[in-house]
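**Q** So here's my_file.csv (CSV, C-alpha atoms).
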```csv
chain,number,residue,atom,x,y,z
M,1,MET,CA,-24.6,-15.2,39.1
M,2,LYS,CA,-23.4,-11.7,39.9
M,3,ARG,CA,-19.8,-12.6,39.0
M,4,LEU,CA,-21.0,-13.7,35.5
M,5,TRP,CA,-22.5,-10.3,35.0
M,6,LEU,CA,-19.3,-8.6,36.0
M,7,ILE,CA,-17.2,-10.4,33.3
M,8,LEU,CA,-19.8,-9.7,30.6
M,9,PRO,CA,-18.2,-6.5,29.4
M,10,LEU,CA,-14.8,-8.2,29.2
M,11,ALA,CA,-16.3,-11.1,27.3
M,12,LEU,CA,-17.9,-8.7,24.8
M,13,PHE,CA,-14.6,-7.0,24.4
M,14,ALA,CA,-12.9,-10.4,23.8
M,15,VAL,CA,-15.5,-11.2,21.1
M,16,PHE,CA,-14.9,-7.9,19.5
M,17,LEU,CA,-11.1,-8.5,19.5
M,18,GLY,CA,-11.7,-12.0,18.0
M,19,VAL,CA,-13.9,-10.6,15.2
M,20,ALA,CA,-11.4,-7.8,14.5
M,21,GLY,CA,-8.4,-10.2,14.5
M,22,TYR,CA,-10.2,-12.6,12.2
M,23,GLN,CA,-11.0,-9.8,9.7
M,24,LEU,CA,-7.4,-8.7,9.7
M,25,THR,CA,-6.4,-12.1,8.4
M,26,GLN,CA,-8.9,-12.0,5.6
M,27,PRO,CA,-7.9,-10.6,2.2
M,28,LYS,CA,-9.5,-7.2,1.6
M,29,ASP,CA,-11.9,-7.0,-1.3
M,30,GLU,CA,-10.7,-3.8,-3.1
M,31,PHE,CA,-13.5,-3.9,-5.6
M,32,VAL,CA,-16.3,-1.4,-5.5
M,33,ARG,CA,-19.2,-3.2,-7.2
M,34,SER,CA,-21.7,-1.3,-9.3
M,35,THR,CA,-25.2,-1.2,-7.8
M,36,MET,CA,-26.6,-0.7,-11.3
M,37,ILE,CA,-27.2,-4.4,-12.0
M,38,GLY,CA,-30.9,-4.8,-12.9
M,39,LYS,CA,-31.2,-1.1,-13.7
M,40,PRO,CA,-31.4,0.5,-17.2
M,41,LEU,CA,-28.3,1.7,-18.9
M,42,PRO,CA,-27.9,5.5,-18.1
M,43,ALA,CA,-28.8,7.8,-21.0
M,44,PHE,CA,-25.7,8.9,-23.0
M,45,ASP,CA,-24.7,10.3,-26.3
M,46,LEU,CA,-20.9,10.2,-26.9
M,47,PRO,CA,-18.6,10.8,-29.9
M,48,GLY,CA,-17.4,7.8,-31.8
M,49,ALA,CA,-13.8,6.4,-32.2
M,50,THR,CA,-12.9,9.3,-34.5
M,51,ASP,CA,-14.4,12.8,-34.9
M,52,GLU,CA,-15.9,11.7,-38.2
M,53,ALA,CA,-17.4,8.4,-36.8
M,54,PRO,CA,-21.2,8.5,-36.0
M,55,ARG,CA,-22.0,9.2,-32.3
M,56,VAL,CA,-22.9,6.4,-30.0
M,57,ALA,CA,-26.1,6.7,-27.9
M,58,SER,CA,-27.9,4.7,-25.3
M,59,ALA,CA,-31.0,4.5,-27.5
M,60,SER,CA,-29.2,2.0,-29.8
M,61,PHE,CA,-29.0,-0.6,-27.0
M,62,ALA,CA,-32.7,-1.4,-26.6
M,63,ASP,CA,-33.0,-3.2,-29.9
M,64,GLY,CA,-33.4,-6.7,-28.6
M,65,GLN,CA,-29.8,-7.6,-29.0
M,66,PRO,CA,-27.8,-8.2,-25.7
M,67,ARG,CA,-24.3,-6.7,-25.8
M,68,LEU,CA,-21.1,-6.4,-23.9
M,69,LEU,CA,-20.1,-2.9,-22.8
M,70,ASN,CA,-16.3,-2.9,-22.3
M,71,VAL,CA,-14.9,0.0,-20.4
M,72,TRP,CA,-11.2,0.3,-21.5
M,73,ALA,CA,-8.5,2.7,-22.5
M,74,THR,CA,-5.5,2.7,-24.7
M,75,TRP,CA,-3.3,3.8,-21.8
M,76,CYS,CA,-4.4,0.9,-19.6
M,77,VAL,CA,-2.0,-2.0,-19.5
M,78,PRO,CA,-4.4,-4.7,-18.3
M,79,CYS,CA,-6.6,-3.8,-21.4
M,80,ILE,CA,-3.8,-5.1,-23.6
M,81,ALA,CA,-3.9,-8.3,-21.6
M,82,GLU,CA,-7.6,-8.8,-22.1
M,83,ALA,CA,-7.6,-8.0,-25.8
M,84,PRO,CA,-7.3,-11.7,-26.9
M,85,GLN,CA,-10.2,-12.7,-24.7
M,86,LEU,CA,-12.4,-9.9,-26.1
M,87,GLU,CA,-11.4,-11.1,-29.6
M,88,GLU,CA,-12.5,-14.7,-28.7
M,89,LEU,CA,-15.8,-13.4,-27.4
M,90,ALA,CA,-16.3,-11.4,-30.6
M,91,GLU,CA,-15.5,-14.5,-32.6
M,92,ARG,CA,-18.1,-16.5,-30.6
M,93,GLY,CA,-20.7,-13.9,-31.8
M,94,VAL,CA,-20.9,-11.5,-28.9
M,95,PRO,CA,-21.3,-7.9,-30.0
M,96,ILE,CA,-19.0,-5.7,-28.0
M,97,VAL,CA,-19.3,-1.9,-27.5
M,98,GLY,CA,-16.1,-0.3,-26.4
M,99,VAL,CA,-16.1,2.8,-24.1
M,100,ALA,CA,-12.7,4.4,-24.3
M,101,ILE,CA,-12.0,6.5,-21.2
M,102,ARG,CA,-10.0,9.8,-21.6
M,103,ASP,CA,-8.7,8.7,-24.9
M,104,GLU,CA,-7.8,10.1,-28.3
M,105,PRO,CA,-8.6,9.0,-31.9
M,106,GLU,CA,-5.0,8.4,-32.9
M,107,ALA,CA,-4.2,6.4,-29.8
M,108,ILE,CA,-7.3,4.3,-30.4
M,109,ALA,CA,-6.4,3.6,-34.0
M,110,ARG,CA,-2.9,2.5,-32.9
M,111,PHE,CA,-4.2,0.3,-30.1
M,112,LEU,CA,-6.7,-1.5,-32.4
M,113,GLU,CA,-3.9,-2.0,-35.0
M,114,ASN,CA,-1.6,-3.5,-32.5
M,115,TYR,CA,-4.0,-5.6,-30.4
M,116,GLY,CA,-7.0,-6.3,-32.7
M,117,ASN,CA,-10.4,-4.8,-32.9
M,118,PRO,CA,-13.2,-6.8,-31.2
M,119,TYR,CA,-15.6,-3.8,-31.1
M,120,GLU,CA,-18.8,-3.4,-33.0
M,121,VAL,CA,-18.5,0.3,-32.2
M,122,ILE,CA,-16.5,2.5,-29.9
M,123,ALA,CA,-17.6,5.5,-27.8
M,124,ARG,CA,-15.2,8.1,-26.5
M,125,ASP,CA,-15.9,9.0,-22.9
M,126,ASP,CA,-13.5,11.9,-22.3
M,127,ILE,CA,-14.8,12.9,-18.8
M,128,ALA,CA,-15.9,9.4,-17.7
M,129,GLU,CA,-19.6,10.5,-17.6
M,130,LEU,CA,-20.8,7.1,-18.8
M,131,GLN,CA,-18.3,5.3,-16.6
M,132,LEU,CA,-19.6,7.1,-13.6
M,133,GLY,CA,-23.2,6.6,-14.8
M,134,LEU,CA,-22.6,2.8,-14.9
M,135,GLY,CA,-21.2,2.7,-11.4
M,136,SER,CA,-17.8,1.5,-12.8
M,137,SER,CA,-14.9,2.3,-10.6
M,138,GLY,CA,-11.9,1.1,-12.6
M,139,ILE,CA,-10.6,0.2,-16.0
M,140,PRO,CA,-11.1,-2.3,-17.5
M,141,GLU,CA,-14.6,-3.4,-16.6
M,142,THR,CA,-17.1,-5.3,-18.7
M,143,PHE,CA,-20.9,-5.2,-18.4
M,144,VAL,CA,-23.6,-7.3,-20.0
M,145,VAL,CA,-26.5,-5.2,-21.2
M,146,ASP,CA,-29.6,-7.1,-22.3
M,147,GLY,CA,-31.8,-6.4,-25.3
M,148,ASP,CA,-34.0,-4.1,-23.3
M,149,GLY,CA,-31.1,-1.9,-22.3
M,150,ILE,CA,-31.0,-3.3,-18.7
M,151,ILE,CA,-27.6,-3.9,-17.1
M,152,ARG,CA,-27.3,-7.6,-16.2
M,153,TYR,CA,-23.8,-8.4,-15.2
M,154,GLN,CA,-20.5,-6.7,-14.2
M,155,HIS,CA,-17.0,-8.1,-14.6
M,156,ILE,CA,-14.3,-6.1,-12.7
M,157,GLY,CA,-10.7,-6.1,-14.0
M,158,ASP,CA,-9.3,-7.6,-17.1
M,159,ILE,CA,-10.9,-10.7,-18.6
M,160,ARG,CA,-8.7,-13.7,-18.1
M,161,ALA,CA,-8.8,-16.8,-20.3
M,162,ASP,CA,-10.8,-18.6,-17.6
M,163,ASP,CA,-13.4,-15.8,-17.3
M,164,VAL,CA,-14.4,-16.1,-21.0
M,165,ASP,CA,-17.0,-18.9,-20.4
M,166,GLU,CA,-18.6,-17.1,-17.5
M,167,ILE,CA,-19.0,-13.9,-19.4
M,168,TYR,CA,-20.3,-15.7,-22.5
M,169,ALA,CA,-22.8,-17.5,-20.3
M,170,ALA,CA,-23.9,-14.2,-18.7
M,171,TRP,CA,-24.4,-12.8,-22.3
M,172,GLU,CA,-26.4,-16.0,-23.2
M,173,ASP,CA,-28.6,-15.5,-20.1
M,174,ALA,CA,-29.4,-12.0,-21.2
M,175,ARG,CA,-30.8,-13.2,-24.6
A,1,MET,CA,3.4,29.9,-4.5
A,2,ILE,CA,6.5,27.7,-4.5
A,3,ALA,CA,4.3,24.8,-3.5
A,4,THR,CA,1.9,25.3,-6.5
A,5,GLY,CA,4.9,25.5,-8.8
A,6,LEU,CA,6.3,22.3,-7.4
A,7,ALA,CA,2.9,20.6,-7.7
A,8,ALA,CA,2.7,21.7,-11.4
A,9,ILE,CA,6.1,20.3,-12.1
A,10,ALA,CA,5.2,17.0,-10.3
A,11,LEU,CA,2.0,16.8,-12.4
A,12,ALA,CA,3.9,17.5,-15.6
A,13,VAL,CA,6.5,14.8,-14.8
A,14,ALA,CA,3.8,12.3,-13.9
A,15,ALA,CA,1.9,12.8,-17.2
A,16,PRO,CA,2.9,10.0,-19.6
A,17,GLY,CA,2.1,11.1,-23.1
A,18,ALA,CA,-1.6,10.3,-23.3
A,19,GLY,CA,-4.2,12.4,-21.6
A,20,GLN,CA,-5.2,10.0,-18.7
A,21,ALA,CA,-3.0,11.6,-16.0
A,22,VAL,CA,-5.4,14.6,-15.5
A,23,SER,CA,-9.1,15.0,-15.9
A,24,SER,CA,-10.0,17.1,-18.9
A,25,ALA,CA,-13.5,17.7,-17.5
A,26,PRO,CA,-14.2,21.5,-17.5
A,27,LEU,CA,-15.3,21.7,-13.9
A,28,ALA,CA,-12.8,19.2,-12.4
A,29,ASN,CA,-10.5,22.0,-11.2
A,30,THR,CA,-12.5,25.1,-11.9
A,31,GLN,CA,-14.7,26.6,-9.2
A,32,LEU,CA,-18.3,27.6,-9.9
A,33,ALA,CA,-18.9,31.3,-10.3
A,34,ASP,CA,-21.6,31.4,-7.7
A,35,PRO,CA,-19.7,31.2,-4.3
A,36,GLN,CA,-22.7,29.7,-2.5
A,37,ALA,CA,-23.0,26.9,-5.1
A,38,GLU,CA,-19.3,26.3,-5.0
A,39,ALA,CA,-19.4,26.1,-1.2
A,40,GLN,CA,-22.1,23.5,-1.4
A,41,ALA,CA,-20.2,21.5,-4.0
A,42,GLN,CA,-17.0,21.7,-1.9
A,43,ASP,CA,-18.7,20.4,1.2
A,44,LEU,CA,-20.1,17.5,-0.7
A,45,MET,CA,-16.8,16.7,-2.4
A,46,GLU,CA,-15.2,16.4,0.9
A,47,GLU,CA,-17.7,13.6,1.8
A,48,LEU,CA,-17.4,11.6,-1.3
A,49,ARG,CA,-14.9,8.8,-1.6
A,50,CYS,CA,-12.3,8.7,-4.4
A,51,LEU,CA,-12.8,5.3,-6.1
A,52,THR,CA,-9.3,4.8,-7.3
A,53,CYS,CA,-7.6,6.1,-4.1
A,54,GLN,CA,-10.0,4.7,-1.6
A,55,SER,CA,-8.9,6.5,1.5
A,56,GLN,CA,-9.1,10.0,0.1
A,57,SER,CA,-12.1,12.2,-0.7
A,58,ILE,CA,-12.6,13.5,-4.2
A,59,ALA,CA,-11.8,17.0,-3.0
A,60,ASP,CA,-8.3,15.8,-1.9
A,61,SER,CA,-7.4,13.6,-4.8
A,62,ASN,CA,-5.5,14.3,-8.0
A,63,ALA,CA,-6.7,11.1,-9.6
A,64,PRO,CA,-8.3,11.7,-13.0
A,65,MET,CA,-11.4,9.9,-11.9
A,66,ALA,CA,-11.8,12.1,-8.8
A,67,GLY,CA,-11.5,15.1,-11.2
A,68,ASP,CA,-14.3,13.7,-13.3
A,69,MET,CA,-16.4,13.1,-10.2
A,70,ARG,CA,-15.8,16.8,-9.1
A,71,HIS,CA,-17.1,17.8,-12.5
A,72,GLN,CA,-20.3,15.8,-12.0
A,73,VAL,CA,-20.8,17.3,-8.6
A,74,ARG,CA,-20.2,20.9,-9.7
A,75,SER,CA,-22.2,20.7,-12.9
A,76,ARG,CA,-25.1,19.0,-11.2
A,77,ILE,CA,-25.2,21.6,-8.4
A,78,ALA,CA,-24.8,24.4,-11.0
A,79,ALA,CA,-27.8,22.9,-12.8
A,80,GLY,CA,-29.9,23.3,-9.7
A,81,GLU,CA,-29.7,19.9,-8.0
A,82,SER,CA,-29.3,19.9,-4.2
A,83,PRO,CA,-26.1,18.3,-2.7
A,84,GLU,CA,-28.3,15.4,-1.3
A,85,GLU,CA,-29.7,14.7,-4.8
A,86,VAL,CA,-26.1,14.5,-6.2
A,87,ARG,CA,-25.1,12.2,-3.3
A,88,ALA,CA,-28.1,10.0,-3.9
A,89,TRP,CA,-27.2,9.8,-7.7
A,90,LEU,CA,-23.8,8.4,-6.7
A,91,VAL,CA,-25.1,6.1,-4.0
A,92,GLU,CA,-27.5,4.6,-6.6
A,93,ARG,CA,-24.5,3.7,-8.7
A,94,TYR,CA,-21.9,2.7,-6.1
A,95,GLY,CA,-23.8,2.0,-2.9
A,96,ASP,CA,-23.1,3.6,0.5
A,97,TYR,CA,-19.4,3.0,0.0
A,98,ILE,CA,-19.1,6.2,-2.1
A,99,THR,CA,-20.2,8.5,0.8
A,100,TYR,CA,-18.4,9.1,4.0
A,101,ARG,CA,-21.8,10.0,5.6
A,102,PRO,CA,-23.9,6.9,5.0
A,103,GLY,CA,-27.6,7.0,5.7
A,104,ILE,CA,-29.4,4.6,8.0
A,105,GLY,CA,-29.8,1.3,6.2
A,106,SER,CA,-29.9,-2.5,6.9
A,107,ALA,CA,-26.2,-2.6,7.3
A,108,THR,CA,-25.6,0.7,9.1
A,109,TRP,CA,-28.4,0.9,11.7
A,110,PRO,CA,-26.3,-0.6,14.5
A,111,LEU,CA,-23.9,2.3,14.2
A,112,TYR,CA,-26.7,4.6,15.2
A,113,ALA,CA,-28.7,2.3,17.5
A,114,LEU,CA,-25.9,0.9,19.7
A,115,PRO,CA,-24.6,4.2,21.2
A,116,ILE,CA,-28.2,5.0,22.2
A,117,LEU,CA,-28.6,1.5,23.7
A,118,PHE,CA,-25.3,1.8,25.6
A,119,LEU,CA,-26.3,5.2,26.9
A,120,LEU,CA,-29.7,3.8,28.1
A,121,ILE,CA,-28.0,0.9,29.9
A,122,ALA,CA,-25.5,3.3,31.5
A,123,LEU,CA,-28.4,5.5,32.6
A,124,VAL,CA,-30.3,2.5,34.1
A,125,VAL,CA,-27.2,1.4,36.0
A,126,LEU,CA,-26.6,4.9,37.2
A,127,VAL,CA,-30.2,5.4,38.4
A,128,ARG,CA,-30.2,2.1,40.2
A,129,ARG,CA,-26.9,2.8,42.0
A,130,LEU,CA,-28.0,6.3,43.0
A,131,GLY,CA,-31.3,4.9,44.3
A,132,ARG,CA,-29.5,2.3,46.4
A,133,ASN,CA,-27.2,4.9,47.9
A,134,GLY,CA,-30.1,7.0,48.9
A,135,GLU,CA,-31.8,4.3,50.9
```
I need this file expressed as structure tokens, please.
**A**
Amino acid sequence: MKRLWLILPLALFAVFLGVAGYQLTQPKDEFVRSTMIGKPLPAFDLPGATDEAPRVASASFADGQPRLLNVWATWCVPCIAEAPQLEELAERGVPIVGVAIRDEPEAIARFLENYGNPYEVIARDDIAELQLGLGSSGIPETFVVDGDGIIRYQHIGDIRADDVDEIYAAWEDAR
Amino acid sequence: MIATGLAAIALAVAAPGAGQAVSSAPLANTQLADPQAEAQAQDLMEELRCLTCQSQSIADSNAPMAGDMRHQVRSRIAAGESPEEVRAWLVERYGDYITYRPGIGSATWPLYALPILFLLIALVVLVRRLGRNGE
């Protein structure tokens, strides 16, 4: 009995090694998920796509209509890759609000001309204040915001062809 | 001096046309006028994780997002928030992962409880052994 007690620390250490070794073989989840799901959209009031365009504010979200909030940028390569998928969602009737991070009106106009414009409206977030308010850690990211202005869903990374149905379903759920 | 010059050249070379390579937030790289508030902001920035370069603090990182986060920290502290309020604001958005000094929560309590437990066990063993020797 006393012998067993003596090997206990070694056994604990072996368990620790086993757990650590197992974790080393597991792929690392690099994503930092937002903890804002279920919470209201943070208040914001940002300039539109151009200096003349009307400003975009959080107040316009609580009108009963669920929307996608797409955090993107013209300088972001995966954003080009997801453009056709956003286009498809827009065609299926999903209103999409674009949040352009650290961007410029001319670059935005060029991007939309080249890759299509799925956006209902675009807000320019020059210092990432809305992105930080959303708990978004990268570009692109897409959020579903319900008709009461509550954040319901987060998709991290570009929207691939096989993500479209899931995002559409999340938008439907928010209706 | 030379190092700053080199850093400026490196930054200029790294900037590809559009404005994403550096943060344009006013307080990203500008210290607060009040040295006490700046010291508070600096201490907090060293304990906040850069999201795009996950092993650096936002004080260490040149990533544009780290600059935008420094702006949030400085402007909130300048507006009268305490460093812990600013930290809480970020934890509400990103979870404990954002801070290098996590609070006691459902996932972190063993970190704080286990050392105390081990110390107690060691103490009990020690007392028993000493007692035995004294007999």
**Q** Which of these, M:Ile156, M:Ala161, M:Met36, M:Ala107, has the shortest distance to Thr50 in chain M once you count only C-alpha atoms?
**A** M:Ala107
**Q** When distances are computed from all atoms listed in the file, which of A:Leu48, A:Ala33, A:Ala25, A:Ile77 shows the smallest separation from chain M?
**A**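 Among the listed residues, A:Ala25 lies closest to chain M.
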**Q** Would you mind listing, as a short mmCIF file (atom, residue, chain, number, x, y, z; two decimals) with C-alpha atoms, keeping the file's coordinate frame, all residues of chain A that have at least one atom within 10 Å of chain M, where only C-alpha atoms are what counts?
**A**
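After the write, selection23.cif holds the following:
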```cif
data_model
loop_
_atom_site.label_atom_id
_atom_site.label_comp_id
_atom_site.auth_asym_id
_atom_site.auth_seq_id
_atom_site.Cartn_x
_atom_site.Cartn_y
_atom_site.Cartn_z
CA PRO A 16 2.90 10.00 -19.60
CA GLY A 17 2.10 11.10 -23.10
CA ALA A 18 -1.60 10.30 -23.30
CA GLY A 19 -4.20 12.40 -21.60
CA GLN A 20 -5.20 10.00 -18.70
CA ALA A 21 -3.00 11.60 -16.00
CA VAL A 22 -5.40 14.60 -15.50
CA SER A 23 -9.10 15.00 -15.90
CA SER A 24 -10.00 17.10 -18.90
CA ALA A 25 -13.50 17.70 -17.50
CA PRO A 26 -14.20 21.50 -17.50
CA ALA A 28 -12.80 19.20 -12.40
CA CYS A 50 -12.30 8.70 -4.40
CA LEU A 51 -12.80 5.30 -6.10
CA THR A 52 -9.30 4.80 -7.30
CA GLN A 54 -10.00 4.70 -1.60
CA PRO A 64 -8.30 11.70 -13.00
CA MET A 65 -11.40 9.90 -11.90
CA GLY A 67 -11.50 15.10 -11.20
CA ASP A 68 -14.30 13.70 -13.30
CA MET A 69 -16.40 13.10 -10.20
CA HIS A 71 -17.10 17.80 -12.50
CA GLN A 72 -20.30 15.80 -12.00
CA TRP A 89 -27.20 9.80 -7.70
CA LEU A 90 -23.80 8.40 -6.70
CA VAL A 91 -25.10 6.10 -4.00
CA GLU A 92 -27.50 4.60 -6.60
CA ARG A 93 -24.50 3.70 -8.70
CA TYR A 94 -21.90 2.70 -6.10
CA GLY A 95 -23.80 2.00 -2.90
CA ASP A 96 -23.10 3.60 0.50
CA TYR A 97 -19.40 3.00 0.00
CA ILE A 98 -19.10 6.20 -2.10
#
```
**Q** Under the rule that all atoms listed in the file are counted, which of M:Gly93, M:Pro54, M:Pro84, M:Gly21 is the nearest residue to Asn117 in chain M?
**A**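 Checking each of M:Gly93, M:Pro54, M:Pro84, M:Gly21 against Asn117 in chain M, counting all atoms listed in the file, the winner is M:Pro84.
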**Q** Excluding same-chain residues fewer than 5 positions from Trp171 in chain M, what lies within 8 Å of it counting all atoms listed in the file, as a ChimeraX atom specification?
**A** /M:66-68,94,144-146
**Q** Residues proximal to (-20.8, 4.3, -22.5) were defined as those with any atom within 9 Å of that point in the file's coordinates, counting only C-alpha atoms. Which are they, as a count of residues only?
**A** 26
**Q** Looking at M:Asp148, M:Glu120, M:Glu172, M:Asp158, which one is nearest to Ala90 in chain M, with distances taken over all atoms listed in the file?
**A**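 The closest residue to Ala90 in chain M is M:Glu120.
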**Q** Just to confirm, what's the straight-line distance from CA of Gly149 in chain M to CA of Arg175 in chain M in Å (one decimal)?
**A**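 Between CA of Gly149 in chain M and CA of Arg175 in chain M the gap is 11.5 Å.
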**Q** How would range 27-49 of chain A look written as a compact mmCIF listing (two decimals), in the first residue's frame with N, CA, C and O atoms?
**A**
```txt
# COMPACT_ATOMS: atom_id res chain seq x y z
N LEU A 27 -4.38 57.96 -31.52
CA LEU A 27 -3.63 57.64 -30.30
C LEU A 27 -2.91 56.29 -30.38
O LEU A 27 -2.48 55.75 -29.38
N ALA A 28 -2.79 55.75 -31.62
CA ALA A 28 -2.12 54.45 -31.76
C ALA A 28 -0.65 54.57 -31.38
O ALA A 28 -0.10 53.71 -30.70
N ASN A 29 -0.01 55.65 -31.82
CA ASN A 29 1.42 55.82 -31.59
C ASN A 29 1.75 57.17 -30.97
O ASN A 29 2.87 57.64 -31.06
N THR A 30 0.74 57.79 -30.37
CA THR A 30 0.96 59.08 -29.71
C THR A 30 0.65 58.94 -28.23
O THR A 30 -0.43 58.46 -27.88
N GLN A 31 1.59 59.35 -27.40
CA GLN A 31 1.37 59.21 -25.97
C GLN A 31 0.37 60.24 -25.48
O GLN A 31 0.22 61.30 -26.06
N LEU A 32 -0.28 59.91 -24.37
CA LEU A 32 -1.18 60.86 -23.74
C LEU A 32 -0.35 61.98 -23.09
O LEU A 32 0.78 61.75 -22.65
N ALA A 33 -0.92 63.18 -23.03
CA ALA A 33 -0.19 64.32 -22.47
C ALA A 33 0.04 64.13 -20.97
O ALA A 33 1.09 64.48 -20.44
N ASP A 34 -0.94 63.56 -20.29
CA ASP A 34 -0.84 63.33 -18.85
C ASP A 34 0.03 62.10 -18.59
O ASP A 34 -0.34 60.99 -18.94
N PRO A 35 1.25 62.30 -18.01
CA PRO A 35 2.17 61.16 -17.85
C PRO A 35 1.60 60.04 -16.99
O PRO A 35 1.88 58.87 -17.23
N GLN A 36 0.77 60.40 -16.01
CA GLN A 36 0.20 59.36 -15.15
C GLN A 36 -0.78 58.49 -15.93
O GLN A 36 -0.75 57.25 -15.82
N ALA A 37 -1.63 59.12 -16.73
CA ALA A 37 -2.59 58.38 -17.55
C ALA A 37 -1.84 57.53 -18.58
O ALA A 37 -2.20 56.37 -18.83
N GLU A 38 -0.77 58.10 -19.17
CA GLU A 38 0.01 57.35 -20.16
C GLU A 38 0.65 56.12 -19.51
O GLU A 38 0.68 55.04 -20.11
N ALA A 39 1.15 56.28 -18.27
CA ALA A 39 1.77 55.14 -17.58
C ALA A 39 0.73 54.04 -17.33
O ALA A 39 1.01 52.85 -17.52
N GLN A 40 -0.48 54.46 -16.94
CA GLN A 40 -1.56 53.47 -16.74
C GLN A 40 -1.87 52.75 -18.04
O GLN A 40 -2.02 51.53 -18.08
N ALA A 41 -1.98 53.53 -19.13
CA ALA A 41 -2.30 52.94 -20.43
C ALA A 41 -1.20 51.98 -20.85
O ALA A 41 -1.46 50.87 -21.32
N GLN A 42 0.06 52.40 -20.65
CA GLN A 42 1.21 51.57 -21.05
C GLN A 42 1.20 50.25 -20.29
O GLN A 42 1.39 49.19 -20.89
N ASP A 43 0.96 50.31 -18.98
CA ASP A 43 0.93 49.08 -18.18
C ASP A 43 -0.16 48.13 -18.68
O ASP A 43 0.05 46.92 -18.76
N LEU A 44 -1.31 48.69 -19.02
CA LEU A 44 -2.40 47.85 -19.51
C LEU A 44 -2.09 47.27 -20.89
O LEU A 44 -2.32 46.09 -21.14
N MET A 45 -1.50 48.09 -21.76
CA MET A 45 -1.21 47.63 -23.12
C MET A 45 -0.24 46.46 -23.12
O MET A 45 -0.27 45.60 -23.99
N GLU A 46 0.64 46.42 -22.10
CA GLU A 46 1.60 45.32 -22.03
C GLU A 46 0.91 44.02 -21.58
O GLU A 46 1.49 42.95 -21.70
N GLU A 47 -0.31 44.12 -21.09
CA GLU A 47 -1.02 42.92 -20.62
C GLU A 47 -2.17 42.52 -21.54
O GLU A 47 -2.97 41.67 -21.18
N LEU A 48 -2.26 43.17 -22.71
CA LEU A 48 -3.33 42.82 -23.64
C LEU A 48 -2.73 42.13 -24.86
O LEU A 48 -1.73 42.57 -25.41
N ARG A 49 -3.37 41.07 -25.28
CA ARG A 49 -2.86 40.26 -26.37
C ARG A 49 -3.18 40.90 -27.72
O ARG A 49 -4.31 41.32 -27.96
```
